[in-house]
Structures are given as structure tokens and as C-alpha cells.
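Structure data follow from work08.tsv (TSV, C-alpha atoms):
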```tsv
chain	number	residue	atom	x	y	z
A	1	MET	CA	19.52	159.43	13.53
A	2	VAL	CA	22.03	159.28	10.67
A	3	ARG	CA	24.72	157.97	13.06
A	4	LYS	CA	22.38	155.22	14.24
A	5	ASP	CA	21.73	154.23	10.63
A	6	ASN	CA	25.47	154.15	9.93
A	7	ARG	CA	26.06	151.94	12.98
A	8	GLU	CA	23.37	149.53	11.86
A	9	THR	CA	24.79	149.44	8.34
A	10	ASN	CA	28.32	148.81	9.70
A	11	GLY	CA	27.00	146.06	11.95
A	12	ARG	CA	25.30	144.38	9.02
A	13	LEU	CA	28.45	144.67	6.91
A	14	ILE	CA	30.54	143.05	9.66
A	15	LEU	CA	28.00	140.27	10.07
A	16	ILE	CA	27.86	139.64	6.32
A	17	SER	CA	31.69	139.64	6.14
A	18	VAL	CA	31.98	137.14	8.98
A	19	LEU	CA	29.31	134.87	7.46
A	20	THR	CA	30.98	135.10	4.04
A	21	LEU	CA	34.33	134.18	5.58
A	22	ILE	CA	32.81	131.16	7.35
A	23	ALA	CA	31.03	130.06	4.15
A	24	LEU	CA	34.26	130.42	2.12
A	25	SER	CA	36.22	128.43	4.71
A	26	ILE	CA	33.67	125.61	4.64
A	27	PHE	CA	33.61	125.65	0.83
A	28	GLY	CA	37.43	125.58	0.73
A	29	LEU	CA	37.58	122.69	3.17
A	30	VAL	CA	35.00	120.66	1.24
A	31	PHE	CA	36.78	121.40	-2.07
A	32	TYR	CA	40.13	120.32	-0.57
A	33	LYS	CA	38.63	117.08	0.75
A	34	VAL	CA	37.01	116.28	-2.61
A	35	LEU	CA	40.30	116.86	-4.41
A	36	GLU	CA	42.19	114.78	-1.86
A	37	GLY	CA	39.68	111.91	-2.20
A	38	GLY	CA	39.90	111.88	-5.97
A	39	GLN	CA	43.66	111.60	-6.01
A	40	ILE	CA	45.16	108.24	-6.96
A	41	LYS	CA	47.37	107.04	-4.15
A	42	VAL	CA	50.91	106.89	-5.38
A	43	GLU	CA	52.43	103.69	-4.09
A	44	GLU	CA	56.11	103.45	-3.33
A	45	LYS	CA	57.40	100.98	-5.87
A	46	ILE	CA	60.14	98.49	-5.26
A	47	VAL	CA	62.51	96.91	-7.70
A	48	LEU	CA	62.86	93.24	-6.81
A	49	SER	CA	66.36	92.23	-5.74
A	50	ALA	CA	68.17	90.38	-8.54
A	51	GLU	CA	67.84	86.92	-7.01
A	52	TYR	CA	64.04	87.07	-7.25
A	53	LYS	CA	63.95	88.01	-10.95
A	54	ASN	CA	64.43	85.84	-14.04
A	55	THR	CA	63.70	82.72	-12.02
A	56	ASP	CA	61.72	79.64	-12.97
A	57	GLY	CA	58.69	81.37	-11.47
A	58	ALA	CA	58.40	79.00	-8.53
A	59	GLN	CA	57.68	80.43	-5.10
A	60	ILE	CA	60.30	80.09	-2.37
A	61	GLU	CA	58.67	78.09	0.39
A	62	ILE	CA	60.50	79.12	3.54
A	63	ALA	CA	59.40	76.03	5.47
A	64	LYS	CA	61.27	73.90	2.91
A	65	GLN	CA	64.47	75.94	3.15
A	66	THR	CA	65.15	75.05	6.75
A	67	SER	CA	64.08	72.91	9.69
A	68	GLU	CA	60.60	73.39	11.21
A	69	GLU	CA	61.99	75.01	14.38
A	70	ASN	CA	64.06	77.47	12.39
A	71	VAL	CA	61.45	78.81	9.96
A	72	VAL	CA	60.77	82.01	11.89
A	73	ASN	CA	64.48	82.83	12.38
A	74	PHE	CA	65.18	82.03	8.75
A	75	PHE	CA	62.53	84.50	7.66
A	76	GLU	CA	63.62	87.22	10.10
A	77	ASN	CA	67.18	86.93	8.75
A	78	ILE	CA	65.87	87.59	5.24
A	79	VAL	CA	64.17	90.72	6.60
A	80	LYS	CA	67.41	91.79	8.33
A	81	GLU	CA	69.30	91.50	5.04
A	82	LYS	CA	67.21	94.49	3.90
A	83	LYS	CA	66.43	93.10	0.49
A	84	ASP	CA	63.45	94.17	-1.61
A	85	PHE	CA	61.10	91.22	-1.91
A	86	VAL	CA	57.52	90.01	-1.91
A	87	LEU	CA	56.04	87.65	0.67
A	88	TYR	CA	52.87	85.65	0.20
A	89	VAL	CA	51.15	84.33	3.31
A	90	SER	CA	48.33	81.80	2.98
A	91	LEU	CA	45.67	80.76	5.45
A	92	PRO	CA	44.92	77.20	4.38
A	93	ILE	CA	41.56	76.72	6.07
A	94	CYS	CA	37.91	77.01	5.14
A	95	ASN	CA	38.04	80.54	3.78
A	96	GLY	CA	36.50	80.10	0.37
A	97	ASP	CA	38.04	82.26	-2.33
A	98	ALA	CA	41.45	82.24	-0.63
A	99	ALA	CA	42.31	79.11	-2.61
A	100	LYS	CA	41.61	80.85	-5.91
A	101	PHE	CA	43.73	83.76	-4.77
A	102	LYS	CA	46.67	81.42	-4.27
A	103	GLU	CA	46.38	80.44	-7.94
A	104	PHE	CA	46.60	84.10	-8.98
A	105	VAL	CA	49.77	84.53	-6.94
A	106	LEU	CA	51.34	81.37	-8.41
A	107	ASP	CA	50.30	82.29	-11.96
A	108	PHE	CA	51.76	85.76	-11.62
A	109	GLN	CA	55.13	84.35	-10.61
A	110	HIS	CA	55.18	81.87	-13.49
A	111	LYS	CA	54.09	84.36	-16.12
A	112	ASN	CA	56.57	87.01	-15.02
A	113	LYS	CA	59.42	84.66	-14.06
A	114	VAL	CA	59.72	86.10	-10.58
A	115	SER	CA	59.76	84.40	-7.20
A	116	PHE	CA	58.07	85.42	-3.98
A	117	TYR	CA	58.64	84.02	-0.53
A	118	TYR	CA	55.85	81.84	0.78
A	119	LEU	CA	54.85	81.23	4.39
A	120	THR	CA	51.81	79.43	5.73
A	121	SER	CA	49.82	80.78	8.63
A	122	ASP	CA	51.38	78.16	10.94
A	123	TYR	CA	54.40	80.37	11.54
A	124	ILE	CA	53.12	83.85	10.90
A	125	LYS	CA	51.99	84.71	14.43
A	126	ASP	CA	55.59	84.31	15.62
A	127	THR	CA	57.06	86.61	12.98
A	128	SER	CA	57.36	90.39	12.81
A	129	VAL	CA	54.83	90.31	9.95
A	130	TYR	CA	51.99	89.76	12.44
A	131	GLU	CA	52.72	93.10	14.13
A	132	THR	CA	51.47	94.81	10.96
A	133	VAL	CA	49.34	92.32	9.04
A	134	LYS	CA	46.52	90.62	10.93
A	135	TYR	CA	44.32	89.02	8.28
A	136	PHE	CA	45.36	86.47	5.68
A	137	PRO	CA	45.87	85.52	2.88
A	138	SER	CA	47.94	88.54	2.02
A	139	VAL	CA	50.79	89.61	-0.20
A	140	ILE	CA	53.31	91.83	1.52
A	141	ILE	CA	55.83	94.16	-0.11
A	142	TYR	CA	59.17	94.63	1.62
A	143	LYS	CA	61.64	97.40	0.91
A	144	ASP	CA	64.93	97.65	2.84
A	145	GLY	CA	63.57	95.18	5.37
A	146	LYS	CA	60.38	97.14	6.01
A	147	ILE	CA	56.79	96.50	4.99
A	148	ILE	CA	55.77	99.30	2.66
A	149	ASN	CA	52.44	97.91	1.52
A	150	TYR	CA	50.26	94.79	1.76
A	151	LEU	CA	46.93	93.46	0.60
A	152	ARG	CA	44.25	93.96	3.21
A	153	TYR	CA	41.84	91.03	3.55
A	154	ASP	CA	39.58	93.22	5.70
A	155	SER	CA	39.37	96.21	3.38
A	156	ASP	CA	36.70	96.99	0.78
A	157	GLU	CA	39.30	98.87	-1.27
A	158	ASP	CA	41.41	95.74	-1.75
A	159	LYS	CA	38.55	93.35	-2.56
A	160	GLU	CA	39.00	93.62	-6.33
A	161	TYR	CA	42.68	92.61	-6.02
A	162	TYR	CA	41.69	89.31	-4.40
A	163	LYS	CA	38.99	88.39	-6.87
A	164	SER	CA	40.72	88.09	-10.22
A	165	TYR	CA	44.14	87.54	-11.72
A	166	ASP	CA	43.93	90.90	-13.48
A	167	GLY	CA	43.01	92.66	-10.25
A	168	PHE	CA	45.92	91.09	-8.40
A	169	SER	CA	48.32	91.79	-11.27
A	170	LYS	CA	47.24	95.45	-11.35
A	171	TRP	CA	47.90	95.85	-7.63
A	172	LEU	CA	51.25	94.09	-7.73
A	173	ARG	CA	52.51	96.05	-10.74
A	174	ALA	CA	51.58	99.26	-8.93
A	175	ASN	CA	53.89	98.20	-6.12
A	176	VAL	CA	56.67	96.27	-7.84
A	177	GLU	CA	58.77	97.34	-10.82
A	178	LEU	CA	59.28	94.17	-12.81
B	1	MET	CA	-1.15	121.60	72.26
B	2	GLU	CA	2.33	120.22	72.76
B	3	LYS	CA	1.01	116.67	72.66
B	4	GLN	CA	-0.53	117.39	69.29
B	5	LYS	CA	2.73	118.83	68.03
B	6	ARG	CA	4.60	115.73	69.23
B	7	ARG	CA	2.07	113.51	67.52
B	8	GLU	CA	2.47	115.48	64.31
B	9	ARG	CA	6.25	115.19	64.58
B	10	ARG	CA	6.00	111.44	65.18
B	11	ASN	CA	3.69	111.06	62.20
B	12	TYR	CA	6.05	113.12	60.13
B	13	ILE	CA	8.98	110.89	61.14
B	14	LYS	CA	6.91	107.75	60.42
B	15	ILE	CA	6.04	109.06	56.95
B	16	CYS	CA	9.71	109.85	56.32
B	17	ILE	CA	10.80	106.34	57.41
B	18	ALA	CA	8.07	104.71	55.28
B	19	PHE	CA	9.08	106.79	52.27
B	20	PHE	CA	12.74	105.95	52.85
B	21	CYS	CA	11.95	102.21	53.05
B	22	VAL	CA	9.88	102.33	49.85
B	23	ALA	CA	12.73	104.17	48.12
B	24	ILE	CA	15.22	101.49	49.22
B	25	VAL	CA	12.92	98.68	48.05
B	26	VAL	CA	12.44	100.37	44.64
B	27	ALA	CA	16.21	100.97	44.29
B	28	LEU	CA	16.97	97.34	45.17
B	29	ALA	CA	14.33	96.09	42.71
B	30	ILE	CA	15.84	98.19	39.91
B	31	PHE	CA	19.33	97.03	40.85
B	32	PHE	CA	18.44	93.32	40.78
B	33	CYS	CA	16.41	93.68	37.59
B	34	ASN	CA	19.44	95.17	35.87
B	35	ILE	CA	21.74	92.47	37.21
B	36	ASN	CA	19.62	89.74	35.63
B	37	LYS	CA	19.07	91.66	32.41
B	38	ILE	CA	21.16	90.32	29.55
B	39	PRO	CA	22.78	93.13	27.59
B	40	GLU	CA	21.45	93.66	24.07
B	41	LEU	CA	23.47	92.43	21.12
B	42	PRO	CA	24.56	94.61	18.23
B	43	ALA	CA	22.64	93.66	15.08
B	44	PRO	CA	24.60	91.49	12.62
B	45	GLU	CA	26.68	93.65	10.28
B	46	LEU	CA	29.16	92.44	7.69
B	47	SER	CA	32.88	93.13	8.05
B	48	GLU	CA	34.69	95.03	5.35
B	49	GLY	CA	36.63	93.40	2.54
B	50	MET	CA	36.93	89.70	1.83
B	51	ARG	CA	36.03	88.91	5.43
B	52	GLY	CA	32.63	90.42	4.74
B	53	GLU	CA	32.31	88.20	1.66
B	54	LEU	CA	32.63	85.20	3.97
B	55	GLY	CA	29.88	86.72	6.12
B	56	ILE	CA	32.09	87.45	9.14
B	57	ASP	CA	30.49	89.96	11.47
B	58	LYS	CA	31.91	93.43	12.01
B	59	ASN	CA	30.93	93.75	15.67
B	60	ILE	CA	30.86	90.23	17.07
B	61	ASN	CA	33.93	88.43	15.77
B	62	GLU	CA	37.14	86.71	16.88
B	63	SER	CA	38.34	89.86	18.68
B	64	THR	CA	35.12	90.55	20.58
B	65	ILE	CA	33.37	87.20	21.10
B	66	ASP	CA	34.66	86.92	24.69
B	67	LYS	CA	32.23	89.71	25.68
B	68	TYR	CA	29.28	87.68	24.37
B	69	LEU	CA	30.02	84.21	25.78
B	70	ASN	CA	27.95	82.38	28.43
B	71	ARG	CA	24.63	83.99	27.49
B	72	SER	CA	21.55	82.00	28.45
B	73	ASP	CA	19.70	83.36	25.39
B	74	SER	CA	22.28	82.06	22.92
B	75	VAL	CA	23.84	78.91	21.46
B	76	TYR	CA	27.43	78.63	20.27
B	77	ARG	CA	28.36	76.30	17.40
B	78	ASP	CA	31.71	75.42	15.84
B	79	MET	CA	31.12	74.08	12.34
B	80	ARG	CA	34.33	72.12	11.80
B	81	MET	CA	34.78	68.37	11.72
B	82	LEU	CA	36.94	66.75	14.36
B	83	ILE	CA	38.98	65.31	11.51
B	84	ASP	CA	38.12	66.73	8.10
B	85	ASP	CA	38.22	64.39	5.11
B	86	ALA	CA	39.63	67.23	3.02
B	87	ASN	CA	43.41	67.03	2.96
B	88	TYR	CA	44.25	70.47	4.35
B	89	GLU	CA	47.84	69.35	4.91
B	90	ALA	CA	48.23	69.55	1.12
B	91	ILE	CA	48.01	73.32	1.34
B	92	GLY	CA	49.86	73.66	4.63
B	93	GLY	CA	46.84	73.45	6.90
B	94	ASP	CA	45.54	71.02	9.50
B	95	ARG	CA	42.56	68.70	9.02
B	96	TYR	CA	42.30	68.09	12.77
B	97	LEU	CA	40.33	70.32	15.12
B	98	SER	CA	43.27	71.73	17.04
B	99	GLY	CA	41.26	73.89	19.41
B	100	TYR	CA	38.08	75.83	19.99
B	101	VAL	CA	36.59	78.67	22.00
B	102	LYS	CA	35.14	77.61	25.35
B	103	GLY	CA	31.36	77.37	25.15
B	104	PHE	CA	31.25	76.44	21.48
B	105	GLU	CA	29.85	73.01	20.65
B	106	VAL	CA	30.90	71.16	17.51
B	107	VAL	CA	28.28	70.53	14.79
B	108	PRO	CA	30.20	69.70	11.59
B	109	LEU	CA	28.85	71.54	8.55
B	110	PRO	CA	29.74	68.65	6.16
B	111	TYR	CA	27.08	66.54	7.94
B	112	LEU	CA	24.47	69.23	7.32
B	113	VAL	CA	25.28	69.97	3.68
B	114	ALA	CA	28.30	69.48	1.42
B	115	PRO	CA	30.68	72.49	1.70
B	116	GLU	CA	31.34	74.45	-1.48
B	117	GLY	CA	34.36	76.16	-2.95
B	118	LEU	CA	37.12	74.12	-1.34
B	119	PRO	CA	40.54	74.31	-3.02
B	120	GLU	CA	41.23	71.52	-5.51
B	121	ALA	CA	44.47	70.67	-3.78
B	122	VAL	CA	42.70	69.43	-0.63
B	123	GLY	CA	40.72	66.88	-2.61
B	124	LYS	CA	37.21	65.91	-1.63
B	125	SER	CA	35.78	66.78	1.74
B	126	TYR	CA	33.43	64.39	3.52
B	127	THR	CA	31.33	62.59	0.89
B	128	GLY	CA	29.01	60.63	3.17
B	129	GLU	CA	25.39	61.30	4.10
B	130	THR	CA	24.16	64.85	4.71
B	131	LEU	CA	20.93	66.23	6.14
B	132	PHE	CA	20.39	68.48	3.12
B	133	LYS	CA	21.52	68.75	-0.47
B	134	LYS	CA	21.77	71.94	-2.45
B	135	VAL	CA	19.89	71.84	-5.74
B	136	ASN	CA	19.72	74.96	-7.93
B	137	GLY	CA	20.51	77.14	-4.94
B	138	LYS	CA	17.82	75.55	-2.74
B	139	TYR	CA	18.40	73.28	0.24
B	140	ILE	CA	16.41	70.05	-0.03
B	141	PRO	CA	16.13	67.77	3.04
B	142	ASN	CA	17.44	64.25	2.51
B	143	TYR	CA	15.64	62.89	5.58
B	144	LYS	CA	12.24	63.39	7.17
B	145	GLU	CA	14.01	64.43	10.37
B	146	SER	CA	16.43	66.88	8.71
B	147	VAL	CA	14.60	70.10	9.59
B	148	LYS	CA	13.79	68.92	13.14
B	149	ILE	CA	17.45	68.09	13.78
B	150	LEU	CA	18.45	71.52	12.53
B	151	GLU	CA	15.84	73.16	14.77
B	152	ASP	CA	17.17	71.24	17.77
B	153	LEU	CA	20.79	72.11	17.05
B	154	PHE	CA	20.06	75.73	16.16
B	155	PRO	CA	17.01	76.79	18.21
B	156	LYS	CA	15.11	79.54	16.43
B	157	ASP	CA	14.30	81.34	19.67
B	158	LYS	CA	17.99	81.73	20.57
B	159	ASN	CA	20.79	83.88	19.26
B	160	ILE	CA	23.15	81.72	17.23
B	161	PHE	CA	26.91	82.29	17.19
B	162	LEU	CA	28.82	80.38	14.50
B	163	MET	CA	32.53	79.81	14.20
B	164	CYS	CA	34.93	77.58	12.24
B	165	GLY	CA	38.55	77.64	11.11
B	166	GLY	CA	38.58	80.71	8.87
B	167	GLY	CA	34.95	81.84	8.65
B	168	GLY	CA	33.93	79.89	5.52
B	169	TYR	CA	32.03	76.97	7.09
B	170	ALA	CA	30.30	79.38	9.50
B	171	GLY	CA	29.22	81.56	6.58
B	172	MET	CA	27.86	78.55	4.69
B	173	THR	CA	25.93	77.49	7.79
B	174	LYS	CA	24.33	80.92	8.14
B	175	ASN	CA	23.31	80.78	4.47
B	176	LEU	CA	21.74	77.35	5.01
B	177	LEU	CA	19.79	78.45	8.09
B	178	VAL	CA	18.60	81.75	6.64
B	179	SER	CA	17.46	80.11	3.42
B	180	LEU	CA	15.45	77.61	5.50
B	181	GLY	CA	13.65	80.37	7.39
B	182	TRP	CA	15.86	81.27	10.36
B	183	ASP	CA	15.99	84.96	11.29
B	184	GLU	CA	19.23	86.36	9.86
B	185	ASN	CA	19.25	89.05	12.56
B	186	LYS	CA	19.75	86.37	15.22
B	187	ILE	CA	22.74	84.67	13.61
B	188	TRP	CA	26.33	85.92	13.82
B	189	ASN	CA	29.29	84.53	11.88
B	190	VAL	CA	31.97	85.09	14.49
B	191	GLY	CA	34.76	84.10	12.07
B	192	GLY	CA	37.73	81.78	12.34
B	193	PHE	CA	39.37	80.12	15.32
B	194	TRP	CA	42.76	80.86	13.72
B	195	TYR	CA	42.25	84.56	14.48
B	196	TYR	CA	41.01	84.07	18.02
B	197	GLU	CA	43.41	85.31	20.72
B	198	GLY	CA	41.02	85.73	23.63
B	199	GLU	CA	40.97	84.22	27.09
B	200	ASN	CA	38.70	81.26	26.35
B	201	LYS	CA	40.91	79.32	23.99
B	202	VAL	CA	40.90	75.55	24.51
B	203	ASP	CA	43.88	73.85	22.86
B	204	LEU	CA	43.20	70.26	21.91
B	205	LYS	CA	46.56	69.47	20.34
B	206	LYS	CA	48.94	68.05	22.91
B	207	GLY	CA	51.99	66.84	21.05
B	208	LYS	CA	50.69	64.33	18.55
B	209	THR	CA	47.46	63.75	20.45
B	210	TYR	CA	44.20	65.65	19.94
B	211	ALA	CA	42.06	65.74	23.10
B	212	PHE	CA	38.72	65.36	21.33
B	213	TRP	CA	37.18	63.96	24.52
B	214	ASN	CA	37.05	67.54	25.84
B	215	VAL	CA	34.82	68.67	22.98
B	216	ILE	CA	31.03	68.88	23.22
B	217	TYR	CA	30.20	67.18	19.95
B	218	HIS	CA	26.83	66.64	18.25
B	219	PRO	CA	26.98	63.51	16.10
B	220	ILE	CA	24.24	62.70	13.58
B	221	ASN	CA	23.44	59.02	13.25
B	222	PHE	CA	22.16	58.79	9.69
B	223	ASP	CA	21.38	55.05	9.95
B	224	THR	CA	18.48	55.80	12.28
B	225	LEU	CA	16.91	58.50	10.08
B	226	THR	CA	14.12	58.08	7.55
B	227	ARG	CA	15.28	58.85	4.04
B	228	LYS	CA	13.03	61.08	1.95
B	229	ILE	CA	12.42	59.59	-1.45
B	230	THR	CA	12.78	62.18	-4.17
B	231	TRP	CA	11.65	61.35	-7.72
```
Can you dump the structure from the file as C-alpha cells?
Amino acid sequence: MVRKDNRETNGRLILISVLTLIALSIFGLVFYKVLEGGQIKVEEKIVLSAEYKNTDGAQIEIAKQTSEENVVNFFENIVKEKKDFVLYVSLPICNGDAAKFKEFVLDFQHKNKVSFYYLTSDYIKDTSVYETVKYFPSVIIYKDGKIINYLRYDSDEDKEYYKSYDGFSKWLRANVEL
Amino acid sequence: MEKQKRRERRNYIKICIAFFCVAIVVALAIFFCNINKIPELPAPELSEGMRGELGIDKNINESTIDKYLNRSDSVYRDMRMLIDDANYEAIGGDRYLSGYVKGFEVVPLPYLVAPEGLPEAVGKSYTGETLFKKVNGKYIPNYKESVKILEDLFPKDKNIFLMCGGGGYAGMTKNLLVSLGWDENKIWNVGGFWYYEGENKVDLKKGKTYAFWNVIYHPINFDTLTRKITW
């Protein structure tokens, strides 16, 4: 009778232990996820290559640097040179606030005396940019010839960076050391 | 005795054959009913980010529209002008309709109501007559026939798929229709032709020529309409 009681007690203890372990695991997992979500994403910053700093603040329109047939090659050569630069791609059609966004990008360059490359959507589908970035307008950060970050036109998280100069400036300064 | 057994067997076989025939008929009926049944559409749902701000749909958009073409319960409208008065070349764009998705018919938004929020650099868009004007957020008909024309072009009993260059004109059209009483759950802003890479692309630009004669276009002849006098 006593043995039976002991067995039952042991069984209960095991069951309670297992349930406690499961509960702790779930709690730990939830806690980890909450902490992870609250963290501010640390962006990899670039320092603009010297030729893009202390400029007159005008954007470098790639289509005006070369002939129409050579625009894509011209841009890909810049990428191959592995410089650290910023590219702005516009989509000049009926997409509302995109025009205001262009003003933010231009203002930023003027105020900070920096220059970004500029491409219109006419050429973008033929460049390597389109393998990564699908929706425009966008501003794309290049480091050593690779895209390390870009503004996502189809992301709720990036909406605030499109809507005001301050928003855009905040995002750019988080990515580029001026 | 044996005769009776044979009869029973025959009857049994007859019943089996009859049952089998009925089963085939039912199966065929179900099969043909399903063939003619048009698949249901996902309810309109906004995309994320700035695309959602334009009203572009999350489920039926440039990437998926091919699956929803050629439906007898739907109309397809491209809201661009053949040649826009706005100077899109000034910002690196194209004022000409360079292509469209097969099945879409052109009904220029600027003839319905003046587009809003265009970049200053492109100057003024079309400034001629429009079916409606927007006053304090409300759409007021300029002509007695305005609403009827809209109902003909965008039948209320059909699903309406809207497209344009980047999603803006299509979004403005949906706003116009919904504010005039159309069911927002039957209108999808499919987005911009620029993003479309499906199998139904019709290119109109051939060298320096634009093959507008291939476009199904709905002109509005304002001279024949009756102007509403507003005091």
C-alpha cells in the first residue's frame, strides 16, 4: 500500500517536472523573441568615398555621363570599382508621393554637400540592382561593390523614411557616415 | 426455382447497371459544373509600405494578375492617357502609353477627374473637360451623363481591375468609384504596368512609333454631353 503511494507520488513528481520544464522552455522562448524584437537593428555604416563628399551637392546623373546605350555598362563599372556610394533610383510615373521623395533626396545632398548617383527606372531592369531591389523609388547603399541596405517601397517599416525629409535623413545617417 | 433465381440475378444486374449509369451522370454533372465555375477572388487587401498607400493590392497585383485575366465576371481598365499632357520626360519618364496588359481597356483618369499630387516638374496634366470635379473631398458631376458614363465603363455588377503606370492613377480611380457608391470589395488596384513582367504584355512602342491602334480605348466626347449648371 505504501509502495503504491510512493509510486503515485513519484509519477506525479515526474509529471510536474516535465510540465515545469515545458513551461520554462516556452517562457524562455517567448522572452528571447520579445528581447530580439525590441532590439534596434544595427545597420552597417559606410563612409562615402572621397569623390562623393564635399561636392556641390548635385546628384550624378549616370545617363548624362555617357551615351544612352552605355548607361548600364557605365553603372556596372562603378559597382566593379568597389567604391562606397549611394544610388538613388526614381520611378517617374504616376506614383504620387514619389515626387516629394525625390525632393528629400535632392535636399539632403545639397544640405550635406554630398553626391549620390542617380538612375531612372528606364535602365534599372537591365542592371544588377534589379536582382535585389524590385520596387522604386529607392535609395541603395553600396559598400565594396555590394548592396548592404536599401529603402523598401513595399515595407511598412520603411514608410516613415519616404514621407518626410527628417525621416529620410534619419535613415540615411544610420547607414552613411558623413 | 432456378428461373426465379435467374430473374433475381437479372434484376440485380439491371439495378447495378442503373445505379452505375446514375453515378456516371452525377459525376459528369459535377465535373462540368466545376469547369464552368469561375474561381473566387481573394478580397481586396492593401500591400505593405508605400505601395499600400497608393492602394495597390497585396494579392492581385502586377505579379499575379495573369491568373485573373479573361474572367467573364470582370472588367479590366488601364487608367493612363495615350499621350499624357503632363511632361513626364522632365523627370525621366514617358508621357506616351508604351504598353499595356492584354485584356485591359484604356479609360484615361484625367477625363474622369483631374489627377492630384503630380510632381511640379511635369507641369500641368490634362486641363480640359472632366466628368467630375473634386470639391472639399467630394466628387461633383460636371455633366448630367457623368454617373451613367461611369456606370457603363465600370459596371457595378462586375469585378473591376484597375491598372496604370505606377499605381497612382488606379488608386485615384478606386477612390472616385468608392466615394460614388461602388463596392470597394469588388475593385482591385492591380498596380503599375512598369512592374508587370507576365506573359500578357503588349508593347506599343516600336522604334519611334506607338501602335495606339491596337489599344481598346474609351473616348469621352464632352461636346455631346449636357453640362450641369452649378450655382
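Among the candidate residues A:Lys170, A:Lys45, A:Lys53, A:Lys100, the one lying nearest to chain B is A:Lys100, with distances computed using all atoms listed in the file.
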Residue hits in chain B, query chain A, radius 8 Å, all atoms listed in the file, as a compact mmCIF listing (two decimals) with C-alpha atoms, keeping the file's coordinate frame:
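iface.txt, written as the output of this step:
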```txt
# COMPACT_ATOMS: atom_id res chain seq x y z
CA SER B 47 32.88 93.13 8.05
CA GLU B 48 34.69 95.03 5.35
CA GLY B 49 36.63 93.40 2.54
CA MET B 50 36.93 89.70 1.83
CA ARG B 51 36.03 88.91 5.43
CA GLY B 52 32.63 90.42 4.74
CA LEU B 54 32.63 85.20 3.97
CA TYR B 88 44.25 70.47 4.35
CA ILE B 91 48.01 73.32 1.34
CA GLY B 92 49.86 73.66 4.63
CA GLY B 93 46.84 73.45 6.90
CA ASP B 94 45.54 71.02 9.50
CA GLU B 116 31.34 74.45 -1.48
CA GLY B 117 34.36 76.16 -2.95
CA LEU B 118 37.12 74.12 -1.34
CA PRO B 119 40.54 74.31 -3.02
CA CYS B 164 34.93 77.58 12.24
CA GLY B 165 38.55 77.64 11.11
CA GLY B 166 38.58 80.71 8.87
CA GLY B 167 34.95 81.84 8.65
CA GLY B 168 33.93 79.89 5.52
CA TYR B 169 32.03 76.97 7.09
CA TYR B 195 42.25 84.56 14.48
```
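Atom CA of Tyr126 of chain B to atom CA of Asn200 of chain B spans 28.9 Å [interatomic distance, one decimal].
Residues in contact range of segment 65-71 of chain B, defined as at most 10 Å between all atoms listed in the file, with sequence neighbours fewer than 4 positions away removed, read B:Ile38, B:Pro39, B:Glu40, B:Leu41, B:Asn59, B:Ile60, B:Asn61, B:Val75, B:Tyr76, B:Val101, B:Lys102, B:Gly103, B:Phe104, B:Lys158, B:Asn159, B:Phe161, B:Val190, B:Gly191, B:Tyr196, B:Glu197, B:Gly198, B:Glu199, B:Asn200, B:Lys201.
What separates atom CA of Ile140 of chain A from atom CA of Val114 of chain A is a distance of 14.8 Å.
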